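One file, entry_8.cif, carrying mmCIF, C-alpha atoms and all ligand atoms:
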```cif
data_target
#
loop_
_atom_site.label_atom_id
_atom_site.label_comp_id
_atom_site.auth_asym_id
_atom_site.auth_seq_id
_atom_site.Cartn_x
_atom_site.Cartn_y
_atom_site.Cartn_z
CA MET A 1 20.27 -47.69 46.85
CA ILE A 2 18.59 -45.79 44.04
CA LYS A 3 16.61 -43.71 46.54
CA GLU A 4 19.85 -42.78 48.30
CA LYS A 5 21.42 -41.80 44.98
CA LEU A 6 18.48 -39.58 44.09
CA ASN A 7 18.58 -37.82 47.43
CA LEU A 8 20.26 -34.41 47.10
CA LYS A 9 20.62 -33.74 50.82
CA GLY A 10 24.14 -32.43 51.41
CA LYS A 11 24.60 -31.39 47.77
CA ARG A 12 25.04 -27.69 47.03
CA GLY A 13 24.84 -25.74 43.86
CA ILE A 14 23.85 -22.83 41.68
CA ILE A 15 21.03 -22.37 39.22
CA THR A 16 20.90 -19.28 37.01
CA GLY A 17 17.64 -17.84 35.75
CA ALA A 18 15.71 -19.51 38.55
CA SER A 19 13.27 -16.72 39.38
CA ARG A 20 10.71 -17.93 36.84
CA GLY A 21 10.18 -20.22 33.85
CA LEU A 22 12.04 -23.49 33.36
CA GLY A 23 14.81 -22.59 35.83
CA ARG A 24 12.22 -22.23 38.53
CA GLY A 25 10.80 -25.67 37.65
CA MET A 26 14.31 -27.16 37.91
CA ALA A 27 14.95 -25.36 41.21
CA ASP A 28 11.73 -26.81 42.65
CA GLY A 29 12.89 -30.35 41.86
CA LEU A 30 16.37 -29.77 43.30
CA ALA A 31 15.03 -28.12 46.48
CA GLU A 32 12.37 -30.79 47.01
CA MET A 33 15.06 -33.50 46.85
CA GLY A 34 16.98 -31.71 49.62
CA ALA A 35 19.64 -29.67 47.82
CA ASP A 36 20.97 -26.36 49.11
CA LEU A 37 20.70 -23.75 46.39
CA VAL A 38 21.97 -20.39 45.26
CA ILE A 39 19.40 -19.02 42.83
CA THR A 40 20.06 -16.11 40.51
CA SER A 41 18.45 -13.62 38.16
CA ARG A 42 18.74 -9.86 37.63
CA ASN A 43 15.66 -9.06 39.69
CA MET A 44 16.15 -9.33 43.47
CA LYS A 45 12.47 -8.92 44.30
CA SER A 46 11.37 -11.91 42.22
CA LEU A 47 14.38 -13.91 43.45
CA GLU A 48 13.52 -13.28 47.09
CA LYS A 49 9.94 -14.41 46.43
CA ALA A 50 11.21 -17.60 44.74
CA ALA A 51 13.70 -18.22 47.57
CA GLY A 52 10.91 -17.95 50.14
CA GLU A 53 8.80 -20.48 48.24
CA LEU A 54 11.71 -22.88 47.66
CA SER A 55 12.81 -22.85 51.29
CA VAL A 56 9.61 -24.66 52.37
CA TYR A 57 11.41 -27.88 51.37
CA GLY A 58 13.85 -27.35 54.25
CA GLY A 59 17.14 -26.69 52.46
CA GLN A 60 19.12 -23.47 52.37
CA VAL A 61 18.10 -21.19 49.48
CA VAL A 62 20.20 -18.08 48.89
CA PRO A 63 19.10 -15.48 46.32
CA VAL A 64 22.03 -13.71 44.64
CA GLN A 65 21.24 -10.91 42.21
CA THR A 66 23.37 -11.61 39.14
CA ASP A 67 23.51 -10.39 35.57
CA VAL A 68 25.24 -13.31 33.91
CA GLY A 69 26.41 -10.95 31.17
CA VAL A 70 28.65 -9.14 33.70
CA ASP A 71 31.93 -10.90 34.52
CA ASP A 72 32.23 -9.40 38.02
CA ASP A 73 28.74 -10.67 38.85
CA LEU A 74 29.84 -14.20 37.91
CA LYS A 75 32.93 -14.01 40.12
CA ASN A 76 30.79 -12.67 42.97
CA LEU A 77 28.28 -15.49 42.45
CA ILE A 78 30.99 -18.14 42.91
CA GLU A 79 32.43 -16.38 45.98
CA VAL A 80 29.03 -15.99 47.65
CA THR A 81 28.13 -19.63 46.90
CA CYS A 82 31.36 -20.90 48.43
CA SER A 83 30.99 -18.72 51.53
CA GLU A 84 27.24 -19.33 52.04
CA LEU A 85 26.98 -23.01 51.05
CA GLY A 86 30.58 -24.11 51.68
CA GLY A 87 31.26 -25.38 48.15
CA ILE A 88 29.76 -26.31 44.78
CA ASP A 89 28.58 -29.79 43.77
CA PHE A 90 26.43 -28.79 40.80
CA LEU A 91 25.90 -25.86 38.48
CA PHE A 92 22.92 -25.24 36.21
CA CYS A 93 23.61 -22.62 33.53
CA ASN A 94 20.03 -21.93 32.55
CA ALA A 95 19.58 -18.16 32.06
CA ALA A 96 19.33 -17.11 28.42
CA ILE A 97 17.76 -14.46 26.24
CA ILE A 98 16.19 -14.51 22.79
CA ARG A 99 15.70 -11.88 20.09
CA ARG A 100 13.41 -12.63 17.16
CA GLY A 101 13.63 -11.25 13.64
CA ALA A 102 14.72 -12.17 10.15
CA ALA A 103 18.47 -12.80 9.90
CA HIS A 104 19.01 -9.91 7.45
CA GLU A 105 17.48 -7.52 10.00
CA HIS A 106 19.10 -8.98 13.15
CA SER A 107 21.09 -6.21 14.84
CA ILE A 108 24.73 -6.93 15.62
CA GLU A 109 24.20 -5.42 19.09
CA ASP A 110 21.50 -8.03 19.77
CA PHE A 111 23.72 -10.77 18.37
CA ASP A 112 26.56 -9.75 20.68
CA GLU A 113 24.26 -9.50 23.71
CA ILE A 114 22.84 -12.97 23.03
CA TYR A 115 26.34 -14.45 22.86
CA ARG A 116 27.40 -12.61 26.03
CA VAL A 117 24.45 -13.99 28.02
CA ASN A 118 23.89 -17.39 26.36
CA VAL A 119 27.45 -18.52 25.57
CA ARG A 120 30.22 -16.43 27.13
CA SER A 121 28.66 -16.42 30.61
CA VAL A 122 28.11 -20.18 30.42
CA PHE A 123 31.78 -20.81 29.70
CA ILE A 124 32.99 -18.43 32.42
CA LEU A 125 30.63 -19.79 35.06
CA ALA A 126 31.39 -23.40 34.15
CA GLN A 127 35.13 -22.67 34.28
CA LEU A 128 34.94 -20.91 37.67
CA SER A 129 32.77 -23.72 39.09
CA ALA A 130 34.99 -26.47 37.68
CA ARG A 131 38.01 -24.88 39.36
CA VAL A 132 36.19 -25.07 42.71
CA MET A 133 35.08 -28.67 42.02
CA ILE A 134 38.63 -29.73 41.05
CA GLU A 135 39.95 -28.16 44.27
CA GLN A 136 37.28 -29.97 46.30
CA GLY A 137 38.30 -33.28 44.69
CA ARG A 138 34.82 -34.82 44.74
CA GLY A 139 33.76 -34.28 41.12
CA GLY A 140 30.51 -32.55 40.30
CA SER A 141 27.77 -32.02 37.76
CA ILE A 142 27.42 -29.13 35.33
CA VAL A 143 24.20 -28.81 33.35
CA ILE A 144 23.65 -26.34 30.53
CA THR A 145 20.22 -25.54 29.16
CA ASP A 146 20.43 -26.31 25.46
CA SER A 147 17.42 -26.20 23.08
CA VAL A 148 15.82 -28.15 20.26
CA VAL A 149 16.89 -25.24 18.01
CA SER A 150 20.51 -26.42 18.30
CA PHE A 151 19.26 -29.45 16.36
CA HIS A 152 16.78 -28.03 13.86
CA GLY A 153 17.87 -24.36 13.53
CA SER A 154 14.33 -22.90 13.42
CA HIS A 155 13.98 -19.49 11.75
CA ASN A 156 14.02 -15.79 12.70
CA VAL A 157 16.34 -16.57 15.63
CA ALA A 158 19.82 -16.56 14.06
CA GLY A 159 21.58 -15.25 17.17
CA TYR A 160 19.66 -17.43 19.59
CA SER A 161 19.76 -20.70 17.64
CA SER A 162 23.48 -20.39 16.91
CA SER A 163 24.16 -19.56 20.58
CA LYS A 164 22.43 -22.81 21.54
CA GLY A 165 24.44 -24.63 18.87
CA ALA A 166 27.57 -23.26 20.54
CA VAL A 167 26.64 -24.53 24.00
CA HIS A 168 25.53 -27.87 22.48
CA VAL A 169 29.13 -28.49 21.40
CA LEU A 170 30.64 -26.83 24.48
CA ILE A 171 28.87 -29.46 26.61
CA LYS A 172 30.80 -32.22 24.84
CA THR A 173 34.17 -30.45 24.97
CA LEU A 174 33.87 -29.59 28.66
CA ALA A 175 32.80 -33.18 29.39
CA ASN A 176 36.02 -34.40 27.76
CA ASP A 177 38.25 -31.85 29.52
CA TRP A 178 36.78 -32.41 32.98
CA GLY A 179 35.91 -36.12 32.84
CA PRO A 180 39.26 -36.97 34.49
CA TYR A 181 38.10 -34.96 37.52
CA ASN A 182 34.75 -36.80 37.61
CA ILE A 183 32.98 -33.59 36.64
CA ARG A 184 30.08 -34.52 34.39
CA VAL A 185 28.79 -31.99 31.86
CA ASN A 186 25.39 -32.48 30.24
CA GLY A 187 22.60 -30.54 28.58
CA ILE A 188 18.86 -30.34 28.99
CA ALA A 189 17.24 -29.32 25.70
CA PRO A 190 13.70 -28.07 26.13
CA GLY A 191 11.19 -28.14 23.32
CA PHE A 192 8.56 -25.39 23.15
CA CYS A 193 7.34 -24.44 26.63
CA GLU A 194 4.88 -22.05 28.22
CA THR A 195 7.15 -19.38 29.70
CA ASP A 196 7.72 -15.65 29.23
CA MET A 197 10.29 -16.47 26.54
CA THR A 198 7.63 -17.84 24.19
CA GLU A 199 4.82 -15.42 25.06
CA ASP A 200 4.98 -13.69 21.68
CA ILE A 201 4.88 -16.85 19.54
CA ARG A 202 2.06 -18.30 21.64
CA LYS A 203 -0.02 -15.23 20.75
CA ASN A 204 0.29 -16.11 17.05
CA GLU A 205 -2.53 -18.66 16.74
CA GLU A 206 -1.36 -20.17 13.46
CA ARG A 207 2.19 -20.69 14.70
CA TYR A 208 0.99 -21.95 18.07
CA ASP A 209 -1.25 -24.57 16.42
CA TYR A 210 1.49 -25.62 14.00
CA LEU A 211 4.03 -26.07 16.78
CA THR A 212 1.55 -27.93 18.98
CA SER A 213 0.76 -30.29 16.09
CA ARG A 214 4.48 -31.13 15.91
CA MET A 215 4.62 -32.40 19.47
CA ALA A 216 4.01 -36.11 19.96
CA LEU A 217 2.44 -35.41 23.35
CA GLY A 218 0.21 -32.71 21.82
CA ARG A 219 1.02 -30.04 24.38
CA TRP A 220 3.63 -27.44 25.30
CA GLY A 221 6.05 -28.01 28.16
CA LYS A 222 5.62 -26.45 31.59
CA PRO A 223 8.27 -25.54 34.20
CA GLU A 224 7.36 -28.57 36.33
CA ASP A 225 8.23 -30.88 33.41
CA PHE A 226 11.90 -29.97 34.01
CA ALA A 227 12.19 -30.90 37.69
CA GLY A 228 12.87 -34.59 36.96
CA ALA A 229 15.65 -33.97 34.44
CA ALA A 230 17.32 -31.52 36.84
CA VAL A 231 17.25 -34.01 39.73
CA TYR A 232 18.54 -36.77 37.44
CA PHE A 233 21.60 -34.77 36.37
CA ALA A 234 22.38 -33.26 39.79
CA SER A 235 22.15 -36.63 41.54
CA ASP A 236 24.41 -39.69 41.52
CA VAL A 237 21.77 -41.57 39.53
CA SER A 238 23.45 -40.13 36.41
CA SER A 239 26.98 -40.98 37.62
CA PHE A 240 28.01 -42.54 34.25
CA VAL A 241 26.33 -39.94 32.02
CA THR A 242 28.40 -37.14 30.54
CA GLY A 243 28.73 -35.17 27.31
CA THR A 244 25.13 -35.73 26.33
CA THR A 245 21.96 -33.70 25.93
CA LEU A 246 18.58 -34.89 27.12
CA TYR A 247 15.73 -33.62 24.96
CA VAL A 248 12.75 -32.73 27.13
CA ASP A 249 10.55 -31.74 24.22
CA GLY A 250 7.29 -33.67 24.33
CA GLY A 251 8.43 -35.51 21.20
CA PHE A 252 8.94 -32.37 19.08
CA LEU A 253 12.08 -33.74 17.41
CA SER A 254 10.54 -37.14 16.74
CA MET A 255 7.71 -35.70 14.61
N1 LIG B 1 10.68 -21.64 26.87
C1 LIG B 1 11.03 -22.41 25.87
O1 LIG B 1 10.18 -22.81 25.04
C2 LIG B 1 12.46 -22.84 25.70
C3 LIG B 1 12.77 -23.72 24.65
C4 LIG B 1 14.09 -24.14 24.49
C5 LIG B 1 15.07 -23.72 25.37
N2 LIG B 1 14.73 -22.85 26.38
C6 LIG B 1 15.82 -22.44 27.28
O2 LIG B 1 15.42 -22.66 28.61
C7 LIG B 1 16.06 -21.70 29.48
C8 LIG B 1 15.02 -21.01 30.32
O3 LIG B 1 14.11 -20.37 29.44
P1 LIG B 1 12.71 -19.82 29.96
O4 LIG B 1 11.73 -20.10 28.89
O5 LIG B 1 12.45 -20.28 31.34
O6 LIG B 1 13.02 -18.26 29.93
P2 LIG B 1 12.33 -17.06 30.74
O7 LIG B 1 10.95 -17.43 31.14
O8 LIG B 1 12.54 -15.87 29.88
O9 LIG B 1 13.22 -16.95 32.07
C9 LIG B 1 14.56 -16.60 31.92
C10 LIG B 1 15.22 -16.57 33.28
O10 LIG B 1 16.58 -16.14 33.09
C11 LIG B 1 16.79 -14.91 33.80
N3 LIG B 1 17.70 -14.07 33.03
C12 LIG B 1 17.53 -13.56 31.79
N4 LIG B 1 18.60 -12.82 31.44
C13 LIG B 1 19.47 -12.88 32.48
C14 LIG B 1 20.74 -12.32 32.72
N5 LIG B 1 21.37 -11.53 31.84
N6 LIG B 1 21.33 -12.58 33.91
C15 LIG B 1 20.73 -13.37 34.82
N7 LIG B 1 19.52 -13.92 34.65
C16 LIG B 1 18.90 -13.68 33.49
C17 LIG B 1 15.39 -14.31 33.98
O11 LIG B 1 15.30 -13.46 35.11
P3 LIG B 1 15.48 -11.85 34.99
O12 LIG B 1 14.87 -11.42 33.69
O13 LIG B 1 14.77 -11.33 36.19
O14 LIG B 1 16.95 -11.62 35.04
C18 LIG B 1 14.59 -15.59 34.24
O15 LIG B 1 14.75 -16.04 35.56
C19 LIG B 1 16.86 -20.79 28.54
O16 LIG B 1 18.19 -21.24 28.46
C20 LIG B 1 16.18 -20.97 27.20
O17 LIG B 1 17.02 -20.68 26.13
C21 LIG B 1 13.47 -22.41 26.57
#
```

Go ahead and express the file in the form of structure tokens.
Ligand SMILES: NC(=O)c1ccc[n+]([C@@H]2O[C@H](COP(=O)([O-])OP(=O)(O)OC[C@H]3O[C@@H](n4cnc5c(N)ncnc54)[C@H](OP(=O)(O)O)[C@@H]3O)[C@@H](O)[C@H]2O)c1
Amino acid sequence: MIKEKLNLKGKRGIITGASRGLGRGMADGLAEMGADLVITSRNMKSLEKAAGELSVYGGQVVPVQTDVGVDDDLKNLIEVTCSELGGIDFLFCNAAIIRRGAAHEHSIEDFDEIYRVNVRSVFILAQLSARVMIEQGRGGSIVITDSVVSFHGSHNVAGYSSSKGAVHVLIKTLANDWGPYNIRVNGIAPGFCETDMTEDIRKNEERYDYLTSRMALGRWGKPEDFAGAAVYFASDVSSFVTGTTLYVDGGFLSM
């Protein structure tokens, strides 16, 4: 029974920011469990490479070049997914950007860009996907990549941390609005992980050591650490879980 529920064969969905980093780790888990995927990022070359690697699991993997900050790209993404995969059972809004700097020096242009990519696109894509799911009448699962910074704020990331705070609450509101349609909405909140996004802070030895010392497991996360959480939320194993955020942070918030 539980094995059947975990199996994603026959389920179809989208994952944004899946060319590299944590999105790629999630996509690996979903593809390995049999899902058909549309994967997105702005770079078609890296997407095609990822699609080739993900298709070894046997499912359909369609790369769709998308800038989530562009509304027409989001509409196109939904249309291509419906025509190529025949529908949408899950959506992972994972792509995000960060800009570092003291709050008094943070440019308003950067702030706006962060909100366009990390918040506005998430709402639009979730809304477009939910409309398809409601029409299909079979429910669905929407997963938004949150962050530990929506809990502890951090510093020098005013735009980024507040954007994650926004999606942290959006998860709960969307879960309430779409619960009657059996559409579950949840978050995965990574702690500090070894990806391109953290390359600069990992180069700062003092900060790296401090952050590592704050993790109960004594190490940074890796993309493959996110495959399990992705499969859990996309599958029927989490059929009674909605409006919550799972911290996948190596114990960062418990220290
Ligand atoms: N790494 C961490 O320590 C950490 C901690 C907490 C939360 N997170 C969250 O985890 C998620 C993934 O982060 P990551 O570390 O894997 O980041 P990453 O290594 O920088 O990868 C980001 C992914 O998003 C894509 N992307 C960026 N901007 C995009 C846009 N405008 N349109 C479409 N795709 C876009 C990138 O591809 P292209 O650049 O080719 O478009 C790439 O595939 C994010 O939501 C991030 O906030 C990460």

Self-check item: A:Ser213, A:Ser147, A:Thr66, A:Ser162 ranked by distance to Leu246 of chain A, top pick (using all atoms listed in the file)
Solution: A:Ser147

Quiz item: Which chains and residue numbers are within 8 Å of ligand LIG 1 (chain B), counting all atoms listed in the file, if I want them as an MDAnalysis selection string?
Solution: chainID A and resid 16:24 40:44 46:47 65:70 93:98 117:118 144:149 160 164 189:198 221 223

Could you give me, as CSV, a per-residue list for segment 128-241 of chain A showing, wherever an atom lies at most 9 Å from an atom of segment 5-13 of chain A, the closest pair of atoms and their distance in Å to one decimal, using all atoms listed in the file and sorting by chain then residue number from low to high?
```
residue,atom,partner,partner_atom,distance
A:Val231,CA,A:Leu6,CA,7.2
A:Tyr232,CA,A:Leu6,CA,7.2
A:Ala234,CA,A:Leu8,CA,7.7
A:Ser235,CA,A:Leu6,CA,5.4
A:Asp236,CA,A:Lys5,CA,5.0
A:Val237,CA,A:Lys5,CA,5.5
A:Ser238,CA,A:Lys5,CA,9.0
```

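The coordinates place atom CA of Asp225 of chain A at 18.1 Å from atom CA of Glu53 of chain A.
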
Quiz item: Quick one, how far is atom CA of Lys45 of chain A from atom CA of Val62 of chain A?
Solution: 12.8 Å

Quiz item: A:Gly34, A:Gly159, A:Gly139, A:Gly87: which is nearest Ser55 of chain A, counting all atoms listed in the file?
Solution: A:Gly34

Exercise. Would you work out the distance separating atom CA of Arg184 of chain A from atom CA of Ser141 of chain A, expressed in Å to one decimal?
Key: 4.8 Å

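With all atoms listed in the file taken into account, the protein and nucleic acid residues at most 7 Å from segment 169-172 of chain A (excluding it and anything under 5 positions from it in its own chain) are Val185, Asn186, Gly187, Gly243 and Thr244 of chain A.
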
How about saving the chosen residues, C-alpha atoms kept, as a CSV table (one decimal), in the coordinates of the input?
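In the end it all went to part_18.csv:
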```
chain,number,residue,atom,x,y,z
A,185,VAL,CA,28.8,-32.0,31.9
A,186,ASN,CA,25.4,-32.5,30.2
A,187,GLY,CA,22.6,-30.5,28.6
A,243,GLY,CA,28.7,-35.2,27.3
A,244,THR,CA,25.1,-35.7,26.3
```

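Counting all atoms listed in the file and comparing A:Arg138, A:His106, A:Arg120, A:Lys75, the residue that lies closest to Ile88 of chain A is A:Arg138.
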
C-alpha atoms of segment 40-161 of chain A from block above, as a PDB file, in the first residue's frame:
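Written file, selection09.pdb:
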```
ATOM      1  CA  THR A  40      12.523  24.768 -16.360  1.00  0.00           C
ATOM      2  CA  SER A  41      15.244  27.370 -16.062  1.00  0.00           C
ATOM      3  CA  ARG A  42      16.419  30.279 -18.221  1.00  0.00           C
ATOM      4  CA  ASN A  43      19.243  28.313 -19.821  1.00  0.00           C
ATOM      5  CA  MET A  44      18.133  25.801 -22.480  1.00  0.00           C
ATOM      6  CA  LYS A  45      21.550  24.187 -22.821  1.00  0.00           C
ATOM      7  CA  SER A  46      21.791  23.216 -19.153  1.00  0.00           C
ATOM      8  CA  LEU A  47      18.117  22.191 -19.159  1.00  0.00           C
ATOM      9  CA  GLU A  48      18.606  19.858 -22.115  1.00  0.00           C
ATOM     10  CA  LYS A  49      21.585  18.271 -20.360  1.00  0.00           C
ATOM     11  CA  ALA A  50      19.519  17.773 -17.182  1.00  0.00           C
ATOM     12  CA  ALA A  51      16.582  16.386 -19.198  1.00  0.00           C
ATOM     13  CA  GLY A  52      18.872  13.843 -20.862  1.00  0.00           C
ATOM     14  CA  GLU A  53      20.184  12.689 -17.481  1.00  0.00           C
ATOM     15  CA  LEU A  54      16.718  12.562 -15.878  1.00  0.00           C
ATOM     16  CA  SER A  55      15.184  10.562 -18.716  1.00  0.00           C
ATOM     17  CA  VAL A  56      17.327   7.507 -17.838  1.00  0.00           C
ATOM     18  CA  TYR A  57      14.651   6.717 -15.222  1.00  0.00           C
ATOM     19  CA  GLY A  58      12.166   6.030 -18.035  1.00  0.00           C
ATOM     20  CA  GLY A  59       9.645   8.844 -17.635  1.00  0.00           C
ATOM     21  CA  GLN A  60       8.995  11.726 -20.004  1.00  0.00           C
ATOM     22  CA  VAL A  61      11.180  14.767 -19.260  1.00  0.00           C
ATOM     23  CA  VAL A  62      10.452  17.951 -21.205  1.00  0.00           C
ATOM     24  CA  PRO A  63      12.780  20.959 -20.895  1.00  0.00           C
ATOM     25  CA  VAL A  64      10.971  24.292 -21.264  1.00  0.00           C
ATOM     26  CA  GLN A  65      13.063  27.457 -21.238  1.00  0.00           C
ATOM     27  CA  THR A  66      11.295  29.811 -18.835  1.00  0.00           C
ATOM     28  CA  ASP A  67      12.138  33.026 -17.055  1.00  0.00           C
ATOM     29  CA  VAL A  68       9.729  32.856 -14.140  1.00  0.00           C
ATOM     30  CA  GLY A  69       9.906  36.645 -13.886  1.00  0.00           C
ATOM     31  CA  VAL A  70       8.130  36.950 -17.263  1.00  0.00           C
ATOM     32  CA  ASP A  71       4.347  36.448 -17.165  1.00  0.00           C
ATOM     33  CA  ASP A  72       4.099  35.204 -20.770  1.00  0.00           C
ATOM     34  CA  ASP A  73       6.737  32.556 -20.024  1.00  0.00           C
ATOM     35  CA  LEU A  74       4.589  31.277 -17.145  1.00  0.00           C
ATOM     36  CA  LYS A  75       1.485  31.050 -19.336  1.00  0.00           C
ATOM     37  CA  ASN A  76       3.521  29.252 -22.000  1.00  0.00           C
ATOM     38  CA  LEU A  77       4.887  26.846 -19.381  1.00  0.00           C
ATOM     39  CA  ILE A  78       1.370  25.797 -18.345  1.00  0.00           C
ATOM     40  CA  GLU A  79       0.226  25.417 -21.975  1.00  0.00           C
ATOM     41  CA  VAL A  80       3.259  23.329 -22.960  1.00  0.00           C
ATOM     42  CA  THR A  81       2.886  21.131 -19.861  1.00  0.00           C
ATOM     43  CA  CYS A  82      -0.773  20.448 -20.602  1.00  0.00           C
ATOM     44  CA  SER A  83      -0.104  19.678 -24.261  1.00  0.00           C
ATOM     45  CA  GLU A  84       3.057  17.585 -23.696  1.00  0.00           C
ATOM     46  CA  LEU A  85       2.115  15.744 -20.481  1.00  0.00           C
ATOM     47  CA  GLY A  86      -1.690  15.910 -20.724  1.00  0.00           C
ATOM     48  CA  GLY A  87      -2.252  17.680 -17.397  1.00  0.00           C
ATOM     49  CA  ILE A  88      -0.719  18.773 -14.097  1.00  0.00           C
ATOM     50  CA  ASP A  89      -0.737  16.739 -10.867  1.00  0.00           C
ATOM     51  CA  PHE A  90       2.036  18.595  -9.049  1.00  0.00           C
ATOM     52  CA  LEU A  91       3.921  21.865  -9.226  1.00  0.00           C
ATOM     53  CA  PHE A  92       7.224  22.696  -7.548  1.00  0.00           C
ATOM     54  CA  CYS A  93       7.930  26.443  -7.432  1.00  0.00           C
ATOM     55  CA  ASN A  94      11.617  26.252  -6.651  1.00  0.00           C
ATOM     56  CA  ALA A  95      13.467  28.867  -8.742  1.00  0.00           C
ATOM     57  CA  ALA A  96      14.602  31.889  -6.744  1.00  0.00           C
ATOM     58  CA  ILE A  97      17.329  34.506  -6.690  1.00  0.00           C
ATOM     59  CA  ILE A  98      19.264  36.202  -3.898  1.00  0.00           C
ATOM     60  CA  ARG A  99      21.062  39.537  -3.606  1.00  0.00           C
ATOM     61  CA  ARG A 100      23.329  40.164  -0.628  1.00  0.00           C
ATOM     62  CA  GLY A 101      24.141  43.488   0.994  1.00  0.00           C
ATOM     63  CA  ALA A 102      23.312  45.611   4.002  1.00  0.00           C
ATOM     64  CA  ALA A 103      19.667  46.721   4.059  1.00  0.00           C
ATOM     65  CA  HIS A 104      20.578  50.428   3.853  1.00  0.00           C
ATOM     66  CA  GLU A 105      22.479  49.745   0.617  1.00  0.00           C
ATOM     67  CA  HIS A 106      19.996  47.282  -0.949  1.00  0.00           C
ATOM     68  CA  SER A 107      18.908  48.684  -4.325  1.00  0.00           C
ATOM     69  CA  ILE A 108      15.185  49.008  -4.933  1.00  0.00           C
ATOM     70  CA  GLU A 109      15.713  47.493  -8.410  1.00  0.00           C
ATOM     71  CA  ASP A 110      17.152  44.365  -6.774  1.00  0.00           C
ATOM     72  CA  PHE A 111      14.327  44.308  -4.245  1.00  0.00           C
ATOM     73  CA  ASP A 112      11.737  44.464  -7.032  1.00  0.00           C
ATOM     74  CA  GLU A 113      13.505  41.781  -9.074  1.00  0.00           C
ATOM     75  CA  ILE A 114      13.655  39.450  -6.067  1.00  0.00           C
ATOM     76  CA  TYR A 115       9.930  39.864  -5.456  1.00  0.00           C
ATOM     77  CA  ARG A 116       9.144  39.337  -9.155  1.00  0.00           C
ATOM     78  CA  VAL A 117      11.072  36.048  -9.263  1.00  0.00           C
ATOM     79  CA  ASN A 118      10.612  34.727  -5.706  1.00  0.00           C
ATOM     80  CA  VAL A 119       7.042  35.802  -4.894  1.00  0.00           C
ATOM     81  CA  ARG A 120       5.010  37.135  -7.827  1.00  0.00           C
ATOM     82  CA  SER A 121       5.942  34.260 -10.150  1.00  0.00           C
ATOM     83  CA  VAL A 122       5.123  31.732  -7.429  1.00  0.00           C
ATOM     84  CA  PHE A 123       1.618  33.124  -7.012  1.00  0.00           C
ATOM     85  CA  ILE A 124       0.965  33.311 -10.763  1.00  0.00           C
ATOM     86  CA  LEU A 125       2.262  29.810 -11.455  1.00  0.00           C
ATOM     87  CA  ALA A 126       0.390  28.331  -8.485  1.00  0.00           C
ATOM     88  CA  GLN A 127      -2.804  30.079  -9.613  1.00  0.00           C
ATOM     89  CA  LEU A 128      -2.495  28.896 -13.234  1.00  0.00           C
ATOM     90  CA  SER A 129      -1.716  25.339 -12.091  1.00  0.00           C
ATOM     91  CA  ALA A 130      -4.549  25.283  -9.541  1.00  0.00           C
ATOM     92  CA  ARG A 131      -7.008  26.294 -12.268  1.00  0.00           C
ATOM     93  CA  VAL A 132      -5.895  23.280 -14.333  1.00  0.00           C
ATOM     94  CA  MET A 133      -6.070  20.993 -11.265  1.00  0.00           C
ATOM     95  CA  ILE A 134      -9.575  22.230 -10.373  1.00  0.00           C
ATOM     96  CA  GLU A 135     -10.701  21.591 -13.956  1.00  0.00           C
ATOM     97  CA  GLN A 136      -9.182  18.092 -13.855  1.00  0.00           C
ATOM     98  CA  GLY A 137     -11.081  17.372 -10.620  1.00  0.00           C
ATOM     99  CA  ARG A 138      -8.438  15.075  -9.128  1.00  0.00           C
ATOM    100  CA  GLY A 139      -6.742  17.450  -6.690  1.00  0.00           C
ATOM    101  CA  GLY A 140      -3.003  17.954  -6.769  1.00  0.00           C
ATOM    102  CA  SER A 141       0.084  18.996  -4.862  1.00  0.00           C
ATOM    103  CA  ILE A 142       1.811  22.376  -4.959  1.00  0.00           C
ATOM    104  CA  VAL A 143       5.175  22.730  -3.262  1.00  0.00           C
ATOM    105  CA  ILE A 144       6.982  26.021  -2.763  1.00  0.00           C
ATOM    106  CA  THR A 145      10.640  26.219  -1.801  1.00  0.00           C
ATOM    107  CA  ASP A 146      10.711  28.254   1.397  1.00  0.00           C
ATOM    108  CA  SER A 147      13.870  28.821   3.491  1.00  0.00           C
ATOM    109  CA  VAL A 148      15.056  28.846   7.087  1.00  0.00           C
ATOM    110  CA  VAL A 149      15.447  32.629   6.647  1.00  0.00           C
ATOM    111  CA  SER A 150      11.648  32.982   6.693  1.00  0.00           C
ATOM    112  CA  PHE A 151      11.989  31.837  10.309  1.00  0.00           C
ATOM    113  CA  HIS A 152      15.152  33.535  11.553  1.00  0.00           C
ATOM    114  CA  GLY A 153      15.524  36.542   9.195  1.00  0.00           C
ATOM    115  CA  SER A 154      19.319  36.288   8.812  1.00  0.00           C
ATOM    116  CA  HIS A 155      21.125  39.496   7.812  1.00  0.00           C
ATOM    117  CA  ASN A 156      22.274  41.294   4.651  1.00  0.00           C
ATOM    118  CA  VAL A 157      19.433  39.668   2.689  1.00  0.00           C
ATOM    119  CA  ALA A 158      16.463  41.988   3.332  1.00  0.00           C
ATOM    120  CA  GLY A 159      14.856  41.406  -0.073  1.00  0.00           C
ATOM    121  CA  TYR A 160      15.479  37.676  -0.118  1.00  0.00           C
ATOM    122  CA  SER A 161      14.491  36.878   3.478  1.00  0.00           C
TER     123      SER A 161
END
```
